[in-house]
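Here's the structure we're looking at; comments come further down.
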Amino acid sequence: MNYERYKKPVKGGLLRKLTTESKRIIRMRLSELTNLRILDVGIGTAPYGELLLKNGNKLTGADQNPHLCRLPVKVYKVDATDLTGKGRFDVVIATWLSEYLSSQQLSVFLQQAAKISNRVILTIIPKTFLGWLYTFSARMIRGVCKYNHSVKWSINQMQKVGFGNITVKRLPVVWGISWAYLLTGNK
Ligand SMILES: C[S@@+](CC[C@H](N)C(=O)[O-])C[C@H]1O[C@@H](n2cnc3c(N)ncnc32)[C@H](O)[C@@H]1O
């Protein structure tokens, strides 16, 4: 799979608008994290890295493609379904990762996150029309296999592995419809 495209800024009208507004909401949420040990799984180019570091957090990454990260932080080359032996963290974050994971893989990722931290923050692209359109286009245009996960199912999986007090934030609403959600779970 070609992940090099993540190094380039997102082009295009609607997609850019969607991601810009989503990023603003995610930034707001992540700016609440201060002086914590954070593991960013699927860190990619580390778009939130500067913000997290500025707020005194100790940031570590985990990614199948660690070379994408443009910040001088430790990035483990691992699969999201195997985070063992990487230490303990206050928070595990995973923005725009879950669409690369099948239900079974996402479920294992959440189990792993629960083993090594007390909080998880992740985005999901649900099984709504816009969410489905996004994954369908990825498959048709880029030949990339992406997955949708329902909010209810994701919450259920988070609860199963011990996360409670779950909050759900809609990521930008276009024509009254959300295309993605930001979920937070705490132990
Ligand atoms: C869409 S990018 C997200 C980057 C960043 N988190 C963000 O918010 O923009 C997805 C990242 O997940 C990584 N990735 C995809 N599948 C993975 C897996 N199974 N395990 C670990 N990393 C994975 C890719 O290498 C890529 O860097």
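Quick note on naming: the chains in the structure tokens go A, B, ... in the order shown, residues restart at 1 in each chain, and ligands are numbered from 1 in order of appearance.
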Self-check item: Selection within 10 Å of ligand 1 by only C-alpha atoms and all ligand atoms, output as a ChimeraX atom specification
Solution: /A:1-7,19,22-23,26,40-49,61-69,76-83,93-102,105-106,109,122-123,146
Residue subset to file, keeping N, CA and C atoms, as a short mmCIF file (atom, residue, chain, number, x, y, z; two decimals), in the first residue's frame:
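As written to disk, part-v6.cif reads:
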```cif
data_model
loop_
_atom_site.label_atom_id
_atom_site.label_comp_id
_atom_site.auth_asym_id
_atom_site.auth_seq_id
_atom_site.Cartn_x
_atom_site.Cartn_y
_atom_site.Cartn_z
N MET A 1 0.84 -1.20 0.00
CA MET A 1 0.00 0.00 0.00
C MET A 1 0.88 1.25 0.00
N ASN A 2 0.50 2.25 -0.78
CA ASN A 2 1.33 3.45 -0.88
C ASN A 2 0.91 4.50 0.16
N TYR A 3 1.74 4.65 1.19
CA TYR A 3 1.43 5.62 2.24
C TYR A 3 2.19 6.93 2.03
N GLU A 4 3.04 6.98 0.98
CA GLU A 4 3.87 8.18 0.77
C GLU A 4 3.00 9.41 0.55
N ARG A 5 1.75 9.20 0.05
CA ARG A 5 0.89 10.34 -0.23
C ARG A 5 0.58 11.15 1.02
N TYR A 6 0.73 10.53 2.20
CA TYR A 6 0.43 11.26 3.44
C TYR A 6 1.44 12.36 3.71
N LYS A 7 2.59 12.31 3.00
CA LYS A 7 3.60 13.36 3.20
C LYS A 7 3.15 14.66 2.53
N THR A 19 -11.46 17.38 6.03
CA THR A 19 -10.33 17.04 6.90
C THR A 19 -9.88 18.25 7.71
N SER A 22 -12.26 18.51 10.63
CA SER A 22 -12.00 17.37 11.52
C SER A 22 -10.73 17.61 12.32
N LYS A 23 -9.69 18.08 11.61
CA LYS A 23 -8.40 18.31 12.28
C LYS A 23 -8.56 19.35 13.38
N ILE A 26 -10.17 17.65 16.33
CA ILE A 26 -9.22 16.71 16.96
C ILE A 26 -8.15 17.50 17.73
N ASP A 40 1.14 7.36 20.04
CA ASP A 40 0.32 7.66 18.86
C ASP A 40 0.48 6.49 17.88
N VAL A 41 -0.57 5.69 17.77
CA VAL A 41 -0.50 4.51 16.91
C VAL A 41 -1.01 4.89 15.51
N GLY A 42 -0.21 4.57 14.49
CA GLY A 42 -0.50 5.05 13.13
C GLY A 42 -0.18 6.53 13.07
N ILE A 43 0.98 6.87 13.63
CA ILE A 43 1.35 8.29 13.79
C ILE A 43 1.54 8.98 12.44
N GLY A 44 1.89 8.23 11.40
CA GLY A 44 2.08 8.82 10.08
C GLY A 44 3.11 9.94 10.12
N THR A 45 2.74 11.12 9.60
CA THR A 45 3.66 12.25 9.58
C THR A 45 3.65 13.02 10.91
N ALA A 46 2.89 12.56 11.85
CA ALA A 46 2.75 13.19 13.18
C ALA A 46 2.11 14.59 13.11
N PRO A 47 0.92 14.68 12.50
CA PRO A 47 0.30 16.00 12.34
C PRO A 47 -0.05 16.69 13.65
N TYR A 48 -0.19 15.92 14.73
CA TYR A 48 -0.52 16.54 16.03
C TYR A 48 0.69 16.54 16.97
N GLY A 49 1.83 16.09 16.44
CA GLY A 49 3.02 15.93 17.27
C GLY A 49 3.50 17.21 17.92
N GLY A 61 5.72 7.14 18.96
CA GLY A 61 4.88 6.72 17.86
C GLY A 61 4.95 5.21 17.64
N ALA A 62 3.97 4.70 16.90
CA ALA A 62 3.96 3.29 16.49
C ALA A 62 3.32 3.29 15.11
N ASP A 63 3.99 2.70 14.15
CA ASP A 63 3.44 2.73 12.79
C ASP A 63 4.11 1.63 11.98
N GLN A 64 3.37 1.14 11.00
CA GLN A 64 3.95 0.16 10.07
C GLN A 64 5.00 0.84 9.20
N ASN A 65 4.85 2.16 9.05
CA ASN A 65 5.76 2.96 8.21
C ASN A 65 6.37 4.09 9.02
N PRO A 66 7.31 3.75 9.92
CA PRO A 66 7.85 4.79 10.82
C PRO A 66 8.58 5.91 10.09
N HIS A 67 9.06 5.63 8.86
CA HIS A 67 9.83 6.65 8.12
C HIS A 67 8.98 7.87 7.77
N LEU A 68 7.65 7.74 7.84
CA LEU A 68 6.79 8.88 7.49
C LEU A 68 6.86 10.00 8.52
N CYS A 69 7.24 9.65 9.74
CA CYS A 69 7.21 10.62 10.84
C CYS A 69 8.27 11.71 10.62
N TYR A 76 8.07 3.19 16.90
CA TYR A 76 8.25 1.74 16.76
C TYR A 76 7.64 1.29 15.44
N LYS A 77 8.35 0.42 14.76
CA LYS A 77 7.78 -0.17 13.54
C LYS A 77 7.00 -1.41 13.96
N VAL A 78 5.71 -1.23 14.12
CA VAL A 78 4.89 -2.35 14.59
C VAL A 78 3.52 -2.31 13.94
N ASP A 79 2.81 -3.41 14.07
CA ASP A 79 1.42 -3.45 13.67
C ASP A 79 0.58 -3.02 14.86
N ALA A 80 -0.51 -2.33 14.57
CA ALA A 80 -1.37 -1.81 15.63
C ALA A 80 -1.96 -2.93 16.50
N THR A 81 -1.91 -4.15 16.00
CA THR A 81 -2.48 -5.26 16.76
C THR A 81 -1.45 -5.92 17.68
N ASP A 82 -0.24 -5.37 17.69
CA ASP A 82 0.76 -5.92 18.62
C ASP A 82 1.60 -4.81 19.23
N LEU A 83 1.14 -4.32 20.35
CA LEU A 83 1.83 -3.20 21.01
C LEU A 83 2.56 -3.67 22.27
N ILE A 93 -3.38 7.25 21.42
CA ILE A 93 -4.22 7.91 20.43
C ILE A 93 -4.06 7.23 19.07
N ALA A 94 -5.11 7.27 18.28
CA ALA A 94 -5.06 6.63 16.95
C ALA A 94 -6.02 7.40 16.04
N THR A 95 -5.47 8.42 15.37
CA THR A 95 -6.33 9.21 14.49
C THR A 95 -6.18 8.72 13.06
N TRP A 96 -7.31 8.45 12.43
CA TRP A 96 -7.37 7.96 11.04
C TRP A 96 -6.57 6.67 10.86
N LEU A 97 -6.67 5.81 11.85
CA LEU A 97 -6.05 4.48 11.75
C LEU A 97 -7.12 3.41 11.57
N SER A 98 -8.24 3.55 12.30
CA SER A 98 -9.20 2.44 12.38
C SER A 98 -9.73 2.02 11.01
N GLU A 99 -9.74 2.95 10.05
CA GLU A 99 -10.26 2.58 8.72
C GLU A 99 -9.33 1.60 7.99
N TYR A 100 -8.10 1.46 8.51
CA TYR A 100 -7.17 0.48 7.94
C TYR A 100 -7.29 -0.88 8.62
N LEU A 101 -8.10 -0.95 9.67
CA LEU A 101 -8.18 -2.18 10.45
C LEU A 101 -9.55 -2.83 10.26
N SER A 102 -9.53 -4.13 10.06
CA SER A 102 -10.80 -4.87 10.00
C SER A 102 -11.40 -4.86 11.40
N GLN A 105 -9.26 -6.78 13.69
CA GLN A 105 -7.99 -6.08 14.02
C GLN A 105 -8.25 -4.91 14.96
N LEU A 106 -9.34 -4.18 14.74
CA LEU A 106 -9.64 -3.03 15.61
C LEU A 106 -9.92 -3.52 17.03
N PHE A 109 -6.63 -4.29 18.53
CA PHE A 109 -5.93 -3.03 18.83
C PHE A 109 -6.46 -2.44 20.15
N LEU A 122 -9.62 7.70 19.67
CA LEU A 122 -9.49 7.24 18.29
C LEU A 122 -10.61 7.77 17.41
N THR A 123 -10.33 7.82 16.13
CA THR A 123 -11.37 8.20 15.17
C THR A 123 -11.91 6.92 14.54
N LYS A 146 -10.34 -0.13 2.79
CA LYS A 146 -10.58 0.53 4.08
C LYS A 146 -11.88 0.00 4.68
#
```
Practice problem: Apply DSSP to the structure's backbone, then extract all residues of stretch 26-156 of chain A labelled alpha helix (DSSP H) and return them as a PyMOL selection string. | Solution: chain A and resi 26-30+49-54+103-116+129-137+151-156
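Each of A:Pro72, A:Gly185, A:Gly131, A:Gly87 was checked against A:Tyr147 using only C-alpha atoms; the smallest atom-to-atom distance is that of A:Gly131.
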From a DSSP pass on the backbone, collect the residues of stretch 56-93 of chain A flagged as strand (DSSP E) and hand them back as a compact mmCIF listing (two decimals) with N, CA and C atoms, in the first residue's frame.
```
# COMPACT_ATOMS: atom_id res chain seq x y z
N LYS A 58 5.15 13.47 26.63
CA LYS A 58 6.23 12.66 26.07
C LYS A 58 5.58 11.80 24.98
N LEU A 59 5.96 12.08 23.75
CA LEU A 59 5.29 11.42 22.62
C LEU A 59 6.14 10.28 22.06
N THR A 60 5.48 9.13 21.87
CA THR A 60 6.11 7.99 21.20
C THR A 60 5.16 7.59 20.07
N GLY A 61 5.72 7.14 18.96
CA GLY A 61 4.88 6.72 17.86
C GLY A 61 4.95 5.21 17.64
N ALA A 62 3.97 4.70 16.90
CA ALA A 62 3.96 3.29 16.49
C ALA A 62 3.32 3.29 15.11
N ASP A 63 3.99 2.70 14.15
CA ASP A 63 3.44 2.73 12.79
C ASP A 63 4.11 1.63 11.98
N VAL A 75 9.71 6.16 17.04
CA VAL A 75 8.54 5.52 16.41
C VAL A 75 8.85 4.03 16.23
N TYR A 76 8.07 3.19 16.90
CA TYR A 76 8.25 1.74 16.76
C TYR A 76 7.64 1.29 15.44
N LYS A 77 8.35 0.42 14.76
CA LYS A 77 7.78 -0.17 13.54
C LYS A 77 7.00 -1.41 13.96
N VAL A 91 -1.99 7.69 27.71
CA VAL A 91 -3.01 7.74 26.65
C VAL A 91 -2.48 7.07 25.38
N VAL A 92 -3.37 6.32 24.73
CA VAL A 92 -3.06 5.83 23.38
C VAL A 92 -3.97 6.61 22.43
N ILE A 93 -3.38 7.25 21.42
CA ILE A 93 -4.22 7.91 20.43
C ILE A 93 -4.06 7.23 19.07
```
Self-check item: From A:Pro172, A:Gly162, A:Gly85, A:Gly56, residue lying nearest A:Lys187 [only C-alpha atoms]
Solution: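 Using only C-alpha atoms, A:Lys187 sits closest to A:Gly162.
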Self-check item: Residue nearest A:Leu183 among A:Arg29, A:Arg37, A:Lys86, A:Lys54 (counting only C-alpha atoms)
Solution: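 Nearest to A:Leu183: A:Arg29.
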Practice problem: Would you mind telling me which residue in A:Asn148, A:Asn35, A:Thr184, A:Gln157 lies nearest to A:Thr135 when using only C-alpha atoms? | Solution: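 Counting only C-alpha atoms, the residue closest to A:Thr135 is A:Asn148.
Interatomic distance, atom CA of A:Ala180 to atom CA of A:Pro126: 6.1 Å.
Proximity of A:Thr167, A:Ser107, A:Ser178, A:Gln159 to A:Thr128, computed with only C-alpha atoms, is greatest for A:Ser178.
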Exercise. Do a neighbour search on A:Ala114 at 7 Å with only C-alpha atoms, toss out local chain neighbours closer than 4 positions, and write the hits as JSON, numbers by chain.
Key: {"A": [110, 118, 161, 162]}
Include N, CA and C atoms and write out the residues we just selected as a JSON list (two decimals), in the first residue's frame.
```json
[["chain", "number", "residue", "atom", "x", "y", "z"],
["A", 110, "LEU", "N", -7.78, -2.47, 20.33],
["A", 110, "LEU", "CA", -8.36, -1.91, 21.56],
["A", 110, "LEU", "C", -7.94, -2.72, 22.79],
["A", 118, "ASN", "N", -4.54, 3.89, 30.21],
["A", 118, "ASN", "CA", -5.82, 4.09, 30.89],
["A", 118, "ASN", "C", -6.80, 4.89, 30.05],
["A", 161, "VAL", "N", -13.16, -4.19, 26.72],
["A", 161, "VAL", "CA", -11.77, -4.28, 27.18],
["A", 161, "VAL", "C", -11.50, -3.37, 28.38],
["A", 162, "GLY", "N", -12.56, -2.77, 28.92],
["A", 162, "GLY", "CA", -12.41, -2.05, 30.19],
["A", 162, "GLY", "C", -12.47, -0.53, 30.12]]
```
Practice problem: Just the residues within 8 Å of A:Asn55, please, counting only C-alpha atoms, with nothing from its chain fewer than 5 positions along; format it as a count of residues only. | Solution: 4
Quiz item: For the atom pair atom CA of A:Lys169 and atom CA of A:Ile124, what is the interatomic distance in Å to one decimal place?
Solution: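 Atom-to-atom, atom CA of A:Lys169 to atom CA of A:Ile124, that is 10.5 Å.
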Exercise. Calculate how many Å separate atom CA of A:Lys160 from atom CA of A:Leu182, rounding to one decimal.
Key: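 Straight-line distance from atom CA of A:Lys160 to atom CA of A:Leu182 works out to 18.3 Å.
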